[in-house]
file work22.cif (mmCIF, C-alpha atoms and all ligand atoms)
data_run
#
loop_
_atom_site.group_PDB
_atom_site.id
_atom_site.type_symbol
_atom_site.label_atom_id
_atom_site.label_comp_id
_atom_site.auth_asym_id
_atom_site.auth_seq_id
_atom_site.Cartn_x
_atom_site.Cartn_y
_atom_site.Cartn_z
ATOM 1 C CA MET A 4 -8.764 -11.045 23.722
ATOM 2 C CA ASN A 5 -12.196 -11.193 22.078
ATOM 3 C CA TYR A 6 -11.331 -9.893 18.608
ATOM 4 C CA GLU A 7 -14.782 -10.476 17.209
ATOM 5 C CA GLU A 8 -16.278 -8.274 19.885
ATOM 6 C CA THR A 9 -13.589 -5.593 19.421
ATOM 7 C CA LEU A 10 -14.166 -5.415 15.660
ATOM 8 C CA LYS A 11 -17.942 -5.158 16.154
ATOM 9 C CA GLU A 12 -17.496 -2.318 18.647
ATOM 10 C CA ILE A 13 -15.261 -0.490 16.185
ATOM 11 C CA GLN A 14 -17.815 -0.905 13.407
ATOM 12 C CA GLU A 15 -20.498 0.623 15.636
ATOM 13 C CA GLU A 16 -18.284 3.469 16.756
ATOM 14 C CA VAL A 17 -17.281 4.528 13.241
ATOM 15 C CA THR A 18 -20.800 4.414 11.806
ATOM 16 C CA PRO A 19 -21.588 8.045 12.785
ATOM 17 C CA LEU A 20 -18.648 9.121 10.604
ATOM 18 C CA PHE A 21 -20.230 7.848 7.397
ATOM 19 C CA GLY A 22 -20.653 10.819 5.104
ATOM 20 C CA LYS A 23 -17.428 12.488 6.227
ATOM 21 C CA GLY A 24 -14.528 12.671 3.792
ATOM 22 C CA LYS A 25 -14.482 12.478 0.019
ATOM 23 C CA ILE A 26 -14.008 9.649 -2.391
ATOM 24 C CA ALA A 27 -10.976 9.928 -4.721
ATOM 25 C CA ASN A 28 -12.286 11.346 -7.971
ATOM 26 C CA TYR A 29 -9.107 12.373 -9.766
ATOM 27 C CA ILE A 30 -9.106 8.843 -11.191
ATOM 28 C CA PRO A 31 -12.556 8.825 -12.865
ATOM 29 C CA ALA A 32 -13.157 5.078 -12.475
ATOM 30 C CA LEU A 33 -12.604 5.300 -8.709
ATOM 31 C CA ALA A 34 -15.288 7.969 -8.346
ATOM 32 C CA LYS A 35 -17.967 5.359 -9.097
ATOM 33 C CA VAL A 36 -17.419 3.353 -5.907
ATOM 34 C CA GLU A 37 -20.237 3.235 -3.322
ATOM 35 C CA PRO A 38 -18.839 5.620 -0.665
ATOM 36 C CA ASN A 39 -20.402 4.363 2.574
ATOM 37 C CA GLN A 40 -18.645 1.040 2.953
ATOM 38 C CA PHE A 41 -16.682 -0.382 5.842
ATOM 39 C CA ALA A 42 -14.816 -3.644 6.299
ATOM 40 C CA MET A 43 -11.983 -4.704 8.584
ATOM 41 C CA SER A 44 -9.936 -7.904 8.824
ATOM 42 C CA LEU A 45 -7.416 -9.183 11.310
ATOM 43 C CA GLN A 46 -5.063 -12.084 10.548
ATOM 44 C CA LEU A 47 -3.227 -14.111 13.200
ATOM 45 C CA PHE A 48 -0.120 -16.316 12.814
ATOM 46 C CA ASP A 49 -1.986 -19.572 13.465
ATOM 47 C CA GLY A 50 -4.222 -18.990 10.443
ATOM 48 C CA GLN A 51 -7.195 -17.683 12.416
ATOM 49 C CA SER A 52 -8.734 -14.515 11.120
ATOM 50 C CA TYR A 53 -11.527 -12.178 12.229
ATOM 51 C CA HIS A 54 -13.630 -9.894 10.091
ATOM 52 C CA VAL A 55 -16.337 -7.296 10.233
ATOM 53 C CA GLY A 56 -18.306 -5.772 7.327
ATOM 54 C CA ASN A 57 -17.940 -7.096 3.812
ATOM 55 C CA SER A 58 -14.383 -8.389 4.096
ATOM 56 C CA ASP A 59 -14.607 -10.206 0.751
ATOM 57 C CA GLN A 60 -15.480 -7.051 -1.149
ATOM 58 C CA LYS A 61 -12.580 -6.355 -3.521
ATOM 59 C CA PHE A 62 -11.417 -2.765 -3.928
ATOM 60 C CA SER A 63 -8.649 -0.935 -5.750
ATOM 61 C CA ILE A 64 -5.471 -1.359 -3.697
ATOM 62 C CA GLN A 65 -3.821 1.764 -5.190
ATOM 63 C CA SER A 66 -0.791 2.839 -3.127
ATOM 64 C CA ILE A 67 -0.937 -0.247 -0.925
ATOM 65 C CA SER A 68 0.754 -1.863 -3.951
ATOM 66 C CA LYS A 69 3.820 0.229 -3.050
ATOM 67 C CA VAL A 70 4.414 -2.144 -0.124
ATOM 68 C CA PHE A 71 4.650 -5.089 -2.513
ATOM 69 C CA THR A 72 6.872 -3.143 -4.883
ATOM 70 C CA PHE A 73 9.198 -2.062 -2.084
ATOM 71 C CA THR A 74 9.458 -5.476 -0.422
ATOM 72 C CA HIS A 75 10.127 -7.149 -3.760
ATOM 73 C CA VAL A 76 12.840 -4.647 -4.699
ATOM 74 C CA MET A 77 14.403 -4.992 -1.209
ATOM 75 C CA ASN A 78 14.626 -8.694 -1.800
ATOM 76 C CA LEU A 79 15.942 -8.466 -5.382
ATOM 77 C CA TYR A 80 18.479 -5.727 -4.827
ATOM 78 C CA ASN A 81 19.457 -6.781 -1.337
ATOM 79 C CA GLU A 82 18.644 -3.405 0.204
ATOM 80 C CA SER A 83 20.919 -1.489 -2.089
ATOM 81 C CA LEU A 84 18.580 1.082 -3.548
ATOM 82 C CA GLU A 85 21.467 2.253 -5.700
ATOM 83 C CA ASN A 86 21.116 5.766 -4.433
ATOM 84 C CA ARG A 87 17.945 6.113 -6.505
ATOM 85 C CA LEU A 88 15.553 7.122 -3.751
ATOM 86 C CA GLY A 89 15.549 8.264 -0.150
ATOM 87 C CA LEU A 90 14.008 6.965 3.060
ATOM 88 C CA GLU A 91 12.730 10.174 4.594
ATOM 89 C CA PRO A 92 9.142 11.373 5.034
ATOM 90 C CA SER A 93 8.261 13.863 2.313
ATOM 91 C CA GLY A 94 5.933 16.170 4.246
ATOM 92 C CA ASP A 95 4.338 16.782 0.851
ATOM 93 C CA PRO A 96 1.326 15.266 -0.941
ATOM 94 C CA PHE A 97 1.819 11.838 -2.552
ATOM 95 C CA ASN A 98 1.877 13.261 -6.063
ATOM 96 C CA SER A 99 3.831 16.470 -5.453
ATOM 97 C CA LEU A 100 6.253 17.569 -8.148
ATOM 98 C CA VAL A 101 7.878 20.481 -6.352
ATOM 99 C CA GLN A 102 10.221 18.570 -4.065
ATOM 100 C CA LEU A 103 11.195 16.219 -6.882
ATOM 101 C CA GLU A 104 12.650 19.026 -8.913
ATOM 102 C CA TYR A 105 14.712 20.686 -6.230
ATOM 103 C CA GLU A 106 15.972 17.314 -5.041
ATOM 104 C CA ASN A 107 17.256 16.480 -8.529
ATOM 105 C CA GLY A 108 14.742 13.790 -9.464
ATOM 106 C CA LYS A 109 15.455 11.621 -6.409
ATOM 107 C CA PRO A 110 12.163 10.786 -4.644
ATOM 108 C CA ARG A 111 12.056 11.137 -0.875
ATOM 109 C CA ASN A 112 10.791 7.611 -0.179
ATOM 110 C CA PRO A 113 9.301 4.470 -1.771
ATOM 111 C CA PHE A 114 5.733 5.204 -0.619
ATOM 112 C CA ILE A 115 5.032 8.351 -2.590
ATOM 113 C CA ASN A 116 4.205 8.029 -6.287
ATOM 114 C CA ALA A 117 7.615 9.121 -7.584
ATOM 115 C CA GLY A 118 9.352 6.611 -5.308
ATOM 116 C CA ALA A 119 7.192 3.719 -6.457
ATOM 117 C CA ILE A 120 7.731 4.751 -10.090
ATOM 118 C CA VAL A 121 11.523 4.526 -9.592
ATOM 119 C CA LEU A 122 11.084 1.113 -7.968
ATOM 120 C CA SER A 123 8.910 0.032 -10.912
ATOM 121 C CA ASP A 124 11.770 1.099 -13.179
ATOM 122 C CA MET A 125 14.149 -1.108 -11.154
ATOM 123 C CA LEU A 126 11.725 -4.012 -11.548
ATOM 124 C CA VAL A 127 11.507 -3.453 -15.309
ATOM 125 C CA SER A 128 15.336 -3.504 -15.487
ATOM 126 C CA LYS A 129 15.184 -6.950 -13.928
ATOM 127 C CA TYR A 130 12.097 -8.577 -15.488
ATOM 128 C CA LYS A 131 11.690 -6.601 -18.731
ATOM 129 C CA LYS A 132 8.364 -7.392 -20.462
ATOM 130 C CA ASN A 133 7.341 -9.873 -17.751
ATOM 131 C CA THR A 134 7.447 -7.415 -14.858
ATOM 132 C CA TYR A 135 3.726 -7.183 -14.165
ATOM 133 C CA GLU A 136 3.268 -10.971 -14.397
ATOM 134 C CA GLU A 137 6.203 -11.566 -12.027
ATOM 135 C CA MET A 138 4.814 -9.062 -9.539
ATOM 136 C CA LEU A 139 1.347 -10.564 -9.728
ATOM 137 C CA LYS A 140 2.813 -14.000 -8.943
ATOM 138 C CA TYR A 141 4.692 -12.498 -6.004
ATOM 139 C CA ILE A 142 1.598 -10.769 -4.606
ATOM 140 C CA GLN A 143 -0.429 -13.948 -5.004
ATOM 141 C CA LYS A 144 2.237 -15.800 -3.049
ATOM 142 C CA THR A 145 2.137 -13.279 -0.194
ATOM 143 C CA CYS A 146 -1.571 -13.933 0.303
ATOM 144 C CA ASP A 147 -1.380 -17.598 -0.653
ATOM 145 C CA ASN A 148 -4.182 -17.060 -3.128
ATOM 146 C CA ASN A 149 -4.077 -16.916 -6.914
ATOM 147 C CA LEU A 150 -7.415 -15.189 -7.344
ATOM 148 C CA ILE A 151 -5.945 -11.715 -7.448
ATOM 149 C CA SER A 152 -6.495 -9.742 -10.620
ATOM 150 C CA ILE A 153 -6.557 -6.296 -12.086
ATOM 151 C CA ASP A 154 -9.484 -3.911 -12.477
ATOM 152 C CA GLU A 155 -9.113 -3.153 -16.176
ATOM 153 C CA GLU A 156 -11.378 -0.114 -16.027
ATOM 154 C CA VAL A 157 -9.351 1.497 -13.224
ATOM 155 C CA TYR A 158 -6.117 0.694 -15.054
ATOM 156 C CA LEU A 159 -7.264 2.356 -18.282
ATOM 157 C CA SER A 160 -8.700 5.284 -16.364
ATOM 158 C CA GLU A 161 -5.405 5.851 -14.511
ATOM 159 C CA ARG A 162 -3.396 5.600 -17.686
ATOM 160 C CA LYS A 163 -5.624 8.148 -19.363
ATOM 161 C CA SER A 164 -5.748 10.632 -16.489
ATOM 162 C CA GLY A 165 -2.339 10.149 -14.841
ATOM 163 C CA PHE A 166 -0.899 13.461 -16.012
ATOM 164 C CA LYS A 167 0.937 14.180 -12.764
ATOM 165 C CA ASN A 168 2.461 10.719 -12.681
ATOM 166 C CA TYR A 169 3.669 11.196 -16.256
ATOM 167 C CA SER A 170 5.080 14.601 -15.284
ATOM 168 C CA MET A 171 7.026 12.942 -12.481
ATOM 169 C CA ILE A 172 8.498 10.226 -14.610
ATOM 170 C CA TYR A 173 9.548 12.704 -17.318
ATOM 171 C CA MET A 174 11.137 14.883 -14.650
ATOM 172 C CA MET A 175 13.014 11.900 -13.195
ATOM 173 C CA LYS A 176 14.060 10.771 -16.663
ATOM 174 C CA SER A 177 15.555 14.227 -17.257
ATOM 175 C CA PHE A 178 17.682 13.654 -14.131
ATOM 176 C CA LYS A 179 18.611 10.177 -15.456
ATOM 177 C CA ASN A 180 16.833 8.456 -12.593
ATOM 178 C CA ILE A 181 14.688 6.343 -14.951
ATOM 179 C CA LYS A 182 16.549 3.777 -17.047
ATOM 180 C CA ASN A 183 13.780 2.162 -19.079
ATOM 181 C CA ASP A 184 11.120 3.204 -21.539
ATOM 182 C CA ILE A 185 8.637 5.514 -19.812
ATOM 183 C CA ASN A 186 5.545 3.717 -21.077
ATOM 184 C CA ASN A 187 6.803 0.311 -19.992
ATOM 185 C CA VAL A 188 7.467 1.602 -16.488
ATOM 186 C CA MET A 189 4.126 3.404 -16.206
ATOM 187 C CA GLU A 190 2.263 0.321 -17.380
ATOM 188 C CA VAL A 191 3.710 -1.633 -14.446
ATOM 189 C CA TYR A 192 3.080 1.173 -11.964
ATOM 190 C CA PHE A 193 -0.557 1.684 -13.027
ATOM 191 C CA LYS A 194 -1.313 -2.032 -13.249
ATOM 192 C CA LEU A 195 -0.086 -2.663 -9.708
ATOM 193 C CA CYS A 196 -2.180 0.262 -8.394
ATOM 194 C CA SER A 197 -5.210 -1.190 -10.206
ATOM 195 C CA LEU A 198 -5.157 -4.603 -8.547
ATOM 196 C CA ARG A 199 -8.328 -5.529 -6.687
ATOM 197 C CA MET A 200 -8.114 -7.167 -3.292
ATOM 198 C CA SER A 201 -10.320 -7.509 -0.223
ATOM 199 C CA THR A 202 -9.476 -6.693 3.410
ATOM 200 C CA ASN A 203 -9.351 -10.443 3.957
ATOM 201 C CA GLU A 204 -6.729 -10.922 1.224
ATOM 202 C CA LEU A 205 -4.674 -7.861 2.123
ATOM 203 C CA SER A 206 -4.490 -8.642 5.830
ATOM 204 C CA ARG A 207 -3.305 -12.135 4.876
ATOM 205 C CA ALA A 208 -0.716 -10.702 2.466
ATOM 206 C CA MET A 209 0.852 -8.527 5.182
ATOM 207 C CA LEU A 210 1.426 -11.382 7.616
ATOM 208 C CA PHE A 211 5.078 -11.871 6.624
ATOM 209 C CA LEU A 212 5.806 -8.274 7.604
ATOM 210 C CA SER A 213 4.443 -8.949 11.107
ATOM 211 C CA ASN A 214 6.625 -12.032 11.406
ATOM 212 C CA HIS A 215 10.143 -10.816 10.553
ATOM 213 C CA GLY A 216 9.797 -11.481 6.810
ATOM 214 C CA VAL A 217 8.561 -15.089 7.005
ATOM 215 C CA ASP A 218 4.975 -16.174 6.350
ATOM 216 C CA PRO A 219 4.108 -18.003 9.587
ATOM 217 C CA ILE A 220 1.546 -20.207 7.832
ATOM 218 C CA THR A 221 3.354 -21.329 4.661
ATOM 219 C CA GLN A 222 6.892 -20.727 6.062
ATOM 220 C CA GLU A 223 7.746 -18.891 2.822
ATOM 221 C CA VAL A 224 10.687 -16.510 3.390
ATOM 222 C CA PHE A 225 10.003 -13.137 1.746
ATOM 223 C CA LEU A 226 12.554 -10.944 3.525
ATOM 224 C CA THR A 227 15.326 -11.210 6.087
ATOM 225 C CA GLN A 228 14.548 -10.073 9.605
ATOM 226 C CA SER A 229 16.539 -6.901 9.067
ATOM 227 C CA GLN A 230 14.778 -6.106 5.778
ATOM 228 C CA ALA A 231 11.348 -6.637 7.375
ATOM 229 C CA LYS A 232 12.294 -4.276 10.196
ATOM 230 C CA ARG A 233 13.333 -1.675 7.637
ATOM 231 C CA VAL A 234 10.155 -1.944 5.577
ATOM 232 C CA ASN A 235 8.096 -1.549 8.748
ATOM 233 C CA ALA A 236 10.150 1.479 9.755
ATOM 234 C CA VAL A 237 9.473 3.149 6.408
ATOM 235 C CA MET A 238 5.764 2.280 6.664
ATOM 236 C CA LEU A 239 5.638 3.977 10.053
ATOM 237 C CA THR A 240 7.459 7.117 8.924
ATOM 238 C CA CYS A 241 6.186 7.454 5.329
ATOM 239 C CA GLY A 242 3.109 5.206 4.889
ATOM 240 C CA HIS A 243 0.555 8.030 5.013
ATOM 241 C CA TYR A 244 2.319 10.735 2.969
ATOM 242 C CA ASP A 245 2.064 14.124 4.671
ATOM 243 C CA ALA A 246 -0.165 12.634 7.382
ATOM 244 C CA SER A 247 2.394 10.019 8.467
ATOM 245 C CA GLY A 248 3.233 11.807 11.697
ATOM 246 C CA ASP A 249 -0.421 12.243 12.567
ATOM 247 C CA PHE A 250 -1.129 8.564 11.832
ATOM 248 C CA ALA A 251 1.823 7.418 13.987
ATOM 249 C CA PHE A 252 0.591 9.714 16.769
ATOM 250 C CA ARG A 253 -2.976 8.404 16.654
ATOM 251 C CA VAL A 254 -2.478 4.761 15.706
ATOM 252 C CA GLY A 255 1.162 3.884 16.422
ATOM 253 C CA LEU A 256 1.594 1.127 13.840
ATOM 254 C CA PRO A 257 3.531 0.631 10.601
ATOM 255 C CA ALA A 258 0.821 0.999 7.958
ATOM 256 C CA LYS A 259 0.198 1.942 4.349
ATOM 257 C CA SER A 260 -2.820 3.571 2.788
ATOM 258 C CA GLY A 261 -4.124 3.870 -0.755
ATOM 259 C CA VAL A 262 -6.563 6.294 -2.381
ATOM 260 C CA GLY A 263 -8.905 3.365 -3.045
ATOM 261 C CA GLY A 264 -9.758 3.623 0.680
ATOM 262 C CA GLY A 265 -7.734 0.717 2.040
ATOM 263 C CA ILE A 266 -5.142 0.757 4.823
ATOM 264 C CA VAL A 267 -2.939 -2.194 5.797
ATOM 265 C CA ALA A 268 -1.252 -2.270 9.210
ATOM 266 C CA VAL A 269 1.288 -4.497 10.882
ATOM 267 C CA ILE A 270 1.619 -5.394 14.559
ATOM 268 C CA PRO A 271 5.077 -7.003 14.726
ATOM 269 C CA GLY A 272 5.053 -10.366 16.479
ATOM 270 C CA LYS A 273 1.259 -10.457 16.647
ATOM 271 C CA MET A 274 -0.929 -9.961 13.590
ATOM 272 C CA SER A 275 -1.696 -7.975 10.464
ATOM 273 C CA LEU A 276 -4.771 -5.889 9.725
ATOM 274 C CA CYS A 277 -6.592 -4.288 6.829
ATOM 275 C CA VAL A 278 -9.430 -1.797 6.871
ATOM 276 C CA TYR A 279 -11.471 -0.446 3.976
ATOM 277 C CA SER A 280 -13.693 2.601 3.731
ATOM 278 C CA PRO A 281 -13.443 4.692 0.577
ATOM 279 C CA ARG A 282 -14.050 8.235 1.795
ATOM 280 C CA LEU A 283 -10.703 9.978 2.267
ATOM 281 C CA ASN A 284 -9.340 12.743 4.463
ATOM 282 C CA SER A 285 -7.603 15.736 2.915
ATOM 283 C CA GLN A 286 -4.262 13.890 2.637
ATOM 284 C CA GLY A 287 -5.824 11.023 0.672
ATOM 285 C CA ASN A 288 -6.054 8.441 3.465
ATOM 286 C CA SER A 289 -9.247 6.604 4.430
ATOM 287 C CA LEU A 290 -10.928 8.770 7.062
ATOM 288 C CA ILE A 291 -12.928 5.998 8.729
ATOM 289 C CA GLY A 292 -10.083 3.524 8.184
ATOM 290 C CA THR A 293 -7.712 5.729 10.170
ATOM 291 C CA LYS A 294 -10.274 6.114 12.955
ATOM 292 C CA ALA A 295 -10.921 2.352 13.035
ATOM 293 C CA LEU A 296 -7.221 1.583 13.457
ATOM 294 C CA GLU A 297 -6.922 4.259 16.147
ATOM 295 C CA LEU A 298 -9.807 2.624 18.001
ATOM 296 C CA PHE A 299 -8.201 -0.791 17.560
ATOM 297 C CA THR A 300 -4.875 0.180 19.135
ATOM 298 C CA THR A 301 -6.629 2.121 21.895
ATOM 299 C CA LYS A 302 -8.906 -0.772 22.787
ATOM 300 C CA THR A 303 -6.270 -3.523 22.593
ATOM 301 C CA GLY A 304 -3.186 -1.591 23.699
ATOM 302 C CA PHE A 305 -1.358 -3.152 20.726
ATOM 303 C CA SER A 306 0.640 -0.307 19.295
ATOM 304 C CA ILE A 307 4.396 -0.604 18.797
ATOM 305 C CA PHE A 308 4.974 1.994 21.496
HETATM 306 N N1 LIG B 1 -2.617 5.208 -8.487
HETATM 307 C C1 LIG B 1 -2.613 6.350 -7.648
HETATM 308 C C2 LIG B 1 -1.842 7.466 -8.302
HETATM 309 O O1 LIG B 1 -0.872 7.188 -8.923
HETATM 310 C C3 LIG B 1 -2.043 5.968 -6.305
HETATM 311 C C4 LIG B 1 -2.059 7.104 -5.328
HETATM 312 C C5 LIG B 1 -2.391 6.718 -3.926
HETATM 313 O O2 LIG B 1 -2.987 5.687 -3.603
HETATM 314 N N2 LIG B 1 -2.057 7.609 -3.034
HETATM 315 O O3 LIG B 1 -2.175 8.612 -8.208
#
call {"tool": "encode", "arguments": {"input": "work22.cif", "output": "structure tokens", "more": "lines below"}}
Ligand code: GLN
result
Amino acid sequence: MNYEETLKEIQEEVTPLFGKGKIANYIPALAKVEPNQFAMSLQLFDGQSYHVGNSDQKFSIQSISKVFTFTHVMNLYNESLENRLGLEPSGDPFNSLVQLEYENGKPRNPFINAGAIVLSDMLVSKYKKNTYEEMLKYIQKTCDNNLISIDEEVYLSERKSGFKNYSMIYMMKSFKNIKNDINNVMEVYFKLCSLRMSTNELSRAMLFLSNHGVDPITQEVFLTQSQAKRVNAVMLTCGHYDASGDFAFRVGLPAKSGVGGGIVAVIPGKMSLCVYSPRLNSQGNSLIGTKALELFTTKTGFSIF
């Protein structure tokens, strides 16, 4: 398979879509990003990787951080989510409050905001004041690279404008589904969303999920085989909020998006991928990124189905 050629073809085929979709502007610092960007990276088990576009350009990982949060909690709590959140698609936007109230403060899944906030609370119960630092170390280990850091401006901007996220955590606290101080939990949640990574780094970080929980290059064990299968299953069913079904239909891979414009995807037994293009579709997923992954699975035949 000539991956270089395939990635180049995809870049050409998505170019006419530049201009479609809207950049996330509900977080003011994100609205400043140059909208017409595209990069895509593919990481193989033997350490080889292929890239197109500016694959070293760092961007705000946003909800892609929920994959790190979920995998870390799976590992720490040995899959027992203590009945604190569900594993079903929400069918609602990522920051919806409605469902959370009628389901008694129990988020539908770990990949919507409320779910990741509960997981952040579980991390704070474990690591207390050191939670962000511990998570940063973990993320750096997944991509075998300690040059990952936060975008301070995005972090402050999220903290200042995150009214819906605060509403969710207060609602969950009222149902006793948050155990720690609200500000400590939100600090961790916002900081993880504000990390900056490139498609190169993110595709590398996802490799353990393509290889049954073990990094095939460093041999580091992040998850058991069963846990990795479960994370991938939740990425397939819930990774794109209320567009998860559509994404599975078009692309057919476990994947997770973020409003920064990134999408990571896993091809079990083969490789991991990341695509970046900041203009979003109406559900908050990268419009060109989704198309690029659809083209990738169509051209290579590598979907999980
Ligand atoms: N930080 C964003 C928020 O909390 C993450 C949302 C996303 O990427 N979908 O709103």
call {"tool": "residues_around", "arguments": {"input": "work22.cif", "residues": "Ser170 of chain A", "least_positions_apart": "5", "cutoff": "10 Å", "atoms": "only C-alpha atoms", "output": "list in words"}}
result
Asn98, Leu100, Ala117, Gly165, Met175 and Lys176 of chain A
call {"tool": "write_last_selection", "arguments": {"input": "work22.cif", "atoms": "C-alpha atoms", "output": "PDB file, in the coordinates of the input"}}
result
ATOM      1  CA  ASN A  98       1.877  13.261  -6.063  1.00  0.00           C
ATOM      2  CA  LEU A 100       6.253  17.569  -8.148  1.00  0.00           C
ATOM      3  CA  ALA A 117       7.615   9.121  -7.584  1.00  0.00           C
ATOM      4  CA  GLY A 165      -2.339  10.149 -14.841  1.00  0.00           C
ATOM      5  CA  MET A 175      13.014  11.900 -13.195  1.00  0.00           C
ATOM      6  CA  LYS A 176      14.060  10.771 -16.663  1.00  0.00           C
TER       7      LYS A 176
END
call {"tool": "closest_residue", "arguments": {"input": "work22.cif", "among": "A:Lys163, A:Leu103, A:Thr221, A:Ser213", "to": "Asn148 of chain A", "atoms": "only C-alpha atoms"}}
result
A:Thr221
call {"tool": "axis_aligned_box", "arguments": {"input": "work22.cif", "around": "ligand LIG 1 (chain B)", "padding_each_side": "8 Å", "output": "JSON"}}
result
{"center_x": -1.9, "center_y": 6.9, "center_z": -6.0, "size_x": 18.1, "size_y": 19.4, "size_z": 21.9}
call {"tool": "closest_residue", "arguments": {"input": "work22.cif", "among": "A:Ser275, A:Ser52, A:Ser93, A:Ser44", "to": "Asn112 of chain A", "atoms": "only C-alpha atoms"}}
result
A:Ser93
call {"tool": "closest_residue", "arguments": {"input": "work22.cif", "among": "A:Ala231, A:Val188, A:Ala251, A:Val269", "to": "Leu47 of chain A", "atoms": "all atoms listed in the file"}}
result
A:Val269
call {"tool": "residues_around", "arguments": {"input": "work22.cif", "residues": "Ser289 of chain A", "least_positions_apart": "5", "cutoff": "9 Å", "atoms": "all atoms listed in the file", "output": "JSON, numbers by chain"}}
result
{"A": [24, 26, 260, 261, 262, 263, 264, 265, 266, 278, 279, 280, 281, 282, 283, 284, 294]}
call {"tool": "closest_residue", "arguments": {"input": "work22.cif", "among": "A:Gln102, A:Ser63, A:Ser285, A:Gln228", "to": "Ser197 of chain A", "atoms": "only C-alpha atoms"}}
result
A:Ser63
call {"tool": "resolve_selection", "arguments": {"input": "work22.cif", "expression": "the PyMOL selection byres (((chain A and resi 53) around 12) and not hetatm)", "output": "NGL selection string"}}
result
:A and (4-11 or 42-47 or 50-52 or 54-58 or 202-203 or 206-207 or 274-278)
call {"tool": "residues_near_ligand", "arguments": {"input": "work22.cif", "ligand": "ligand LIG 1 (chain B)", "cutoff": "6 Å", "atoms": "all atoms listed in the file", "output": "ChimeraX atom specification"}}
result
/A:65-66,97,116,196,261-262
call {"tool": "write_last_selection", "arguments": {"input": "work22.cif", "atoms": "C-alpha atoms", "output": "PDB file, in the coordinates of the input"}}
result
ATOM      1  CA  GLN A  65      -3.821   1.764  -5.190  1.00  0.00           C
ATOM      2  CA  SER A  66      -0.791   2.839  -3.127  1.00  0.00           C
ATOM      3  CA  PHE A  97       1.819  11.838  -2.552  1.00  0.00           C
ATOM      4  CA  ASN A 116       4.205   8.029  -6.287  1.00  0.00           C
ATOM      5  CA  CYS A 196      -2.180   0.262  -8.394  1.00  0.00           C
ATOM      6  CA  GLY A 261      -4.124   3.870  -0.755  1.00  0.00           C
ATOM      7  CA  VAL A 262      -6.563   6.294  -2.381  1.00  0.00           C
TER       8      VAL A 262
END
call {"tool": "atom_distance", "arguments": {"input": "work22.cif", "atom1": "atom CA of Gly108 of chain A", "atom2": "atom CA of His243 of chain A"}}
result
21.1 Å
call {"tool": "decode", "arguments": {"input": "work22.cif", "residues": "segment 44-57 of chain A", "atoms": "N, CA and C atoms", "output": "PDB file, in the first residue's frame"}}
result
ATOM      1  N   SER A  44      -1.932  12.471   9.569  1.00  0.00           N
ATOM      2  CA  SER A  44      -0.799  11.597   9.901  1.00  0.00           C
ATOM      3  C   SER A  44      -1.278  10.179  10.102  1.00  0.00           C
ATOM      4  N   LEU A  45      -0.400   9.270   9.765  1.00  0.00           N
ATOM      5  CA  LEU A  45      -0.702   7.835   9.872  1.00  0.00           C
ATOM      6  C   LEU A  45       0.508   7.179  10.543  1.00  0.00           C
ATOM      7  N   GLN A  46       0.260   6.408  11.593  1.00  0.00           N
ATOM      8  CA  GLN A  46       1.360   5.810  12.358  1.00  0.00           C
ATOM      9  C   GLN A  46       1.263   4.287  12.323  1.00  0.00           C
ATOM     10  N   LEU A  47       2.348   3.639  11.907  1.00  0.00           N
ATOM     11  CA  LEU A  47       2.359   2.168  11.853  1.00  0.00           C
ATOM     12  C   LEU A  47       3.090   1.580  13.067  1.00  0.00           C
ATOM     13  N   PHE A  48       2.914   0.278  13.288  1.00  0.00           N
ATOM     14  CA  PHE A  48       3.481  -0.399  14.464  1.00  0.00           C
ATOM     15  C   PHE A  48       5.010  -0.471  14.442  1.00  0.00           C
ATOM     16  N   ASP A  49       5.592  -0.456  13.234  1.00  0.00           N
ATOM     17  CA  ASP A  49       7.061  -0.584  13.177  1.00  0.00           C
ATOM     18  C   ASP A  49       7.761   0.763  13.338  1.00  0.00           C
ATOM     19  N   GLY A  50       6.988   1.804  13.660  1.00  0.00           N
ATOM     20  CA  GLY A  50       7.592   3.117  13.882  1.00  0.00           C
ATOM     21  C   GLY A  50       7.535   4.012  12.657  1.00  0.00           C
ATOM     22  N   GLN A  51       7.197   3.436  11.509  1.00  0.00           N
ATOM     23  CA  GLN A  51       7.082   4.264  10.295  1.00  0.00           C
ATOM     24  C   GLN A  51       5.834   5.127  10.387  1.00  0.00           C
ATOM     25  N   SER A  52       5.952   6.333   9.874  1.00  0.00           N
ATOM     26  CA  SER A  52       4.754   7.172   9.839  1.00  0.00           C
ATOM     27  C   SER A  52       4.720   7.957   8.538  1.00  0.00           C
ATOM     28  N   TYR A  53       3.526   8.354   8.136  1.00  0.00           N
ATOM     29  CA  TYR A  53       3.321   9.090   6.880  1.00  0.00           C
ATOM     30  C   TYR A  53       2.476  10.315   7.172  1.00  0.00           C
ATOM     31  N   HIS A  54       2.767  11.391   6.472  1.00  0.00           N
ATOM     32  CA  HIS A  54       2.104  12.657   6.794  1.00  0.00           C
ATOM     33  C   HIS A  54       1.804  13.451   5.534  1.00  0.00           C
ATOM     34  N   VAL A  55       0.779  14.285   5.646  1.00  0.00           N
ATOM     35  CA  VAL A  55       0.515  15.237   4.576  1.00  0.00           C
ATOM     36  C   VAL A  55       0.072  16.550   5.243  1.00  0.00           C
ATOM     37  N   GLY A  56       0.375  17.680   4.622  1.00  0.00           N
ATOM     38  CA  GLY A  56       0.061  18.977   5.248  1.00  0.00           C
ATOM     39  C   GLY A  56       1.036  19.255   6.383  1.00  0.00           C
ATOM     40  N   ASN A  57       0.697  20.245   7.193  1.00  0.00           N
ATOM     41  CA  ASN A  57       1.606  20.619   8.274  1.00  0.00           C
ATOM     42  C   ASN A  57       1.355  19.755   9.519  1.00  0.00           C
TER      43      ASN A  57
END
